[in-house]
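*Asks:* One structure coming up, written as structure tokens, with questions to follow.
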Amino acid sequence: MNYFAESIKSGINEYYEILSKSLDRLSNSELMWRPNIHSNNIIFLVWHMALVEDNLVNKILLRQERIWISENYYEKYPSLKNEIGFGFSQKQINEFPNMDINWLSDYSAVIKNQTTNLLDKITEKDLSIKYNFFDRQVTGFFVLGRLMTELNQHLGQIAYIRGMIRGLNK
């Protein structure tokens with residue numbers, strides 16, 4: 001048994017469980033609400049997190065096209081085809097589309113399955129080799145650590161925004 005992979009799978013499962021609870025019963029206007037004009041809304045954050053996982057797992061670790069492109073998810077938002085969800089200008093944040101949360105959740109579920117399949121097969125050797133990560137080389141250990149950091153950082157942002165909108169446990 002690969003205990004490292006199992007711990008990452010456990011973290012991924014917990015992440016998706018908390019994300020589901022954080023999104024539960026939010027209206028479309030709540031999903032699109034921004035604390036201020038320079039902030040992202042929950043829809044953007046869910047999209048960004050899905051793209052991060054898709055990019056880290058598919059593009060970097062599996063060295064294949066992202067599900068966002070290979071399964072044509074981008075077709076609903078062609079202007080976002082080549083985006084990876086960060087470095088947006090204020091104009092891009094202001095113009096970010098109102099994506100359907102169920103559609104985003106379906107996209108995320110496909111990525112989660114891909115991540116789980118990868119983790120079922122990944123070896124210590126796979127985790128030790130070098131992968132291209134923007135302009136540098138990193139190990140698979142780094143990539144999976146980065147995945148957990150990114151997902152949980154933004155999950156906290158979603159919970160914080162939800163709390164601002166609804167208060168604690170509402």
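As shown in the structure tokens, the chain order sets the letters A, B, ...; within each chain, residues go from 1, and ligands are also counted from 1 in the order they appear.
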Run DSSP on the backbone and give me the residues of segment 76-153 of chain A it puts in strand (DSSP E or B), as a list of chain:residue names.

*Replies:*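 In segment 76-153 of chain A, DSSP puts these residues in strand (DSSP E or B): A:Lys130, A:Tyr131, A:Asn132, A:Phe133, A:Arg136, A:Gln137, A:Val138, A:Thr139.
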
*Asks:* Write the residues of the preceding selection, restricted to C-alpha atoms, as a compact mmCIF listing (two decimals), in the first residue's frame.

*Replies:*
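Dumped to result-v6.txt:
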# COMPACT_ATOMS: atom_id res chain seq x y z
CA LYS A 130 11.10 15.68 -12.42
CA TYR A 131 8.10 17.38 -13.98
CA ASN A 132 7.84 20.71 -15.78
CA PHE A 133 6.11 23.26 -13.60
CA ARG A 136 11.19 25.04 -13.38
CA GLN A 137 11.51 21.34 -12.67
CA VAL A 138 9.80 19.86 -9.61
CA THR A 139 9.11 16.40 -8.24

*Asks:* Tell me, as a PyMOL selection string, which residues lie within 8 Å of segment 10-18 of chain A, counting only C-alpha atoms; anything in the same chain fewer than 2 positions away does not count.

*Replies:* chain A and resi 6-8+20-22+112+148+151-152+155

*Asks:* Dump C-alpha atoms for the selected residues as a short mmCIF file (atom, residue, chain, number, x, y, z; two decimals), in the first residue's frame?

*Replies:*
data_model
loop_
_atom_site.label_atom_id
_atom_site.label_comp_id
_atom_site.auth_asym_id
_atom_site.auth_seq_id
_atom_site.Cartn_x
_atom_site.Cartn_y
_atom_site.Cartn_z
CA GLU A 6 -3.62 7.15 0.50
CA SER A 7 -3.09 10.25 2.64
CA ILE A 8 -3.46 12.50 -0.42
CA SER A 20 -20.02 20.37 -1.06
CA LYS A 21 -21.11 21.54 2.41
CA SER A 22 -19.76 25.03 1.73
CA LYS A 112 -11.56 14.03 -8.91
CA MET A 148 -3.35 20.09 -1.47
CA LEU A 151 -7.29 23.36 -2.89
CA ASN A 152 -7.36 24.03 0.81
CA LEU A 155 -11.63 26.21 0.15
#

*Asks:* So which residues touch Met99 of chain A within 10 Å, counting only C-alpha atoms, skipping near sequence neighbours fewer than 2 positions away, as a short mmCIF file (atom, residue, chain, number, x, y, z; two decimals) with N, CA and C atoms, in the first residue's frame?

*Replies:*
data_model
loop_
_atom_site.label_atom_id
_atom_site.label_comp_id
_atom_site.auth_asym_id
_atom_site.auth_seq_id
_atom_site.Cartn_x
_atom_site.Cartn_y
_atom_site.Cartn_z
N ASN A 28 -27.75 31.58 -6.50
CA ASN A 28 -26.88 32.07 -7.57
C ASN A 28 -26.29 33.44 -7.22
N LEU A 31 -23.49 32.90 -4.83
CA LEU A 31 -22.33 32.32 -5.50
C LEU A 31 -21.56 33.36 -6.30
N MET A 32 -22.25 34.39 -6.75
CA MET A 32 -21.62 35.43 -7.56
C MET A 32 -21.21 36.65 -6.74
N ILE A 43 -18.03 31.30 -7.45
CA ILE A 43 -18.01 30.62 -8.76
C ILE A 43 -16.60 30.64 -9.33
N PHE A 44 -15.96 31.79 -9.31
CA PHE A 44 -14.59 31.88 -9.83
C PHE A 44 -13.67 30.93 -9.05
N VAL A 46 -14.36 28.16 -7.37
CA VAL A 46 -14.63 26.74 -7.69
C VAL A 46 -14.03 26.41 -9.06
N TRP A 47 -14.23 27.28 -10.03
CA TRP A 47 -13.65 27.08 -11.36
C TRP A 47 -12.13 27.03 -11.28
N LYS A 76 -18.33 26.01 -23.43
CA LYS A 76 -19.35 26.92 -22.90
C LYS A 76 -18.78 28.32 -22.69
N TYR A 77 -17.45 28.39 -22.52
CA TYR A 77 -16.77 29.66 -22.24
C TYR A 77 -15.48 29.71 -23.05
N PHE A 96 -15.97 38.01 -15.38
CA PHE A 96 -16.02 36.55 -15.27
C PHE A 96 -17.47 36.08 -15.35
N PRO A 97 -17.71 35.04 -16.16
CA PRO A 97 -19.10 34.60 -16.40
C PRO A 97 -19.75 33.95 -15.18
N ILE A 101 -23.31 26.22 -11.19
CA ILE A 101 -22.57 25.49 -10.15
C ILE A 101 -22.68 23.98 -10.35
N ASN A 102 -23.79 23.49 -10.86
CA ASN A 102 -23.93 22.05 -11.09
C ASN A 102 -23.00 21.60 -12.21
N TRP A 103 -22.89 22.40 -13.24
CA TRP A 103 -21.97 22.11 -14.34
C TRP A 103 -20.53 22.09 -13.82
N LEU A 104 -20.17 23.08 -13.00
CA LEU A 104 -18.84 23.13 -12.40
C LEU A 104 -18.59 21.92 -11.50
#

*Asks:* Which distance in Å separates atom CA of Val143 of chain A and atom CA of Thr115 of chain A, to one decimal?

*Replies:*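 About the pair atom CA of Val143 of chain A and atom CA of Thr115 of chain A: they are 12.1 Å apart.
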
*Asks:* Could you give me, as a PyMOL selection string, each residue of segment 8-163 of chain A that DSSP assigns to alpha helix (DSSP H) when run on this structure's backbone?

*Replies:* chain A and resi 8-23+28-32+42-54+67-70+90-94+101-121+124-128+140-163

*Asks:* Skipping near chain neighbours, those fewer than 4 positions away, what residues fall within 7 Å of Ser128 of chain A using only C-alpha atoms, listed as a PyMOL selection string?

*Replies:* chain A and resi 124+139-141

*Asks:* Distance atom CA of Glu95 of chain A-atom CA of Glu75 of chain A, one decimal place?

*Replies:*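 Interatomic distance here is 17.2 Å.
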
*Asks:* Give the answer as one residue: which of A:Ile42, A:Leu51, A:Ile67, A:Met1 has the shortest atom-to-atom distance to Gln114 of chain A, using only C-alpha atoms?

*Replies:*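 When distances to Gln114 of chain A are compared using only C-alpha atoms, the smallest one comes from A:Ile67.
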
*Asks:* As an exercise, work out the distance from atom CA of His48 of chain A to atom CA of Lys125 of chain A in Å and give it to one decimal place.

*Replies:* 29.1 Å

*Asks:* Counting only C-alpha atoms, figure out which residue out of A:Lys59, A:Arg66, A:Lys121, A:Arg34 gets nearest to Lys81 of chain A.

*Replies:*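 Smallest separation from Lys81 of chain A among the options: A:Arg66.
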
*Asks:* Nearest residue to Val52 of chain A out of A:Ser108, A:Asn40, A:Asn113, A:Thr123, using only C-alpha atoms?

*Replies:*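 Distance minimum relative to Val52 of chain A lands on A:Ser108.
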
*Asks:* Which one is closest to Ala159 of chain A: A:Asn41, A:Asn36, A:Asn98, A:Ser27? Count only C-alpha atoms.

*Replies:*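 Of A:Asn41, A:Asn36, A:Asn98, A:Ser27, the one nearest Ala159 of chain A, counting only C-alpha atoms, is A:Asn41.
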
*Asks:* Using only C-alpha atoms, pick whichever of A:Glu65, A:Asp100, A:Asp24, A:Glu53 has the shortest atom-to-atom distance to Gly85 of chain A.

*Replies:*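 Answer, going by the shortest atom-to-atom distance: A:Glu53.
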
*Asks:* Residues near Asn117 of chain A, anyone? I mean within 12 Å using only C-alpha atoms, not counting same-chain ones fewer than 6 positions away, as a list of chain:residue names.

*Replies:*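 The residues that qualify are A:Ala5, A:Glu6, A:Lys9, A:Val57, A:Asn58, A:Leu62, A:Val110, A:Ile111.
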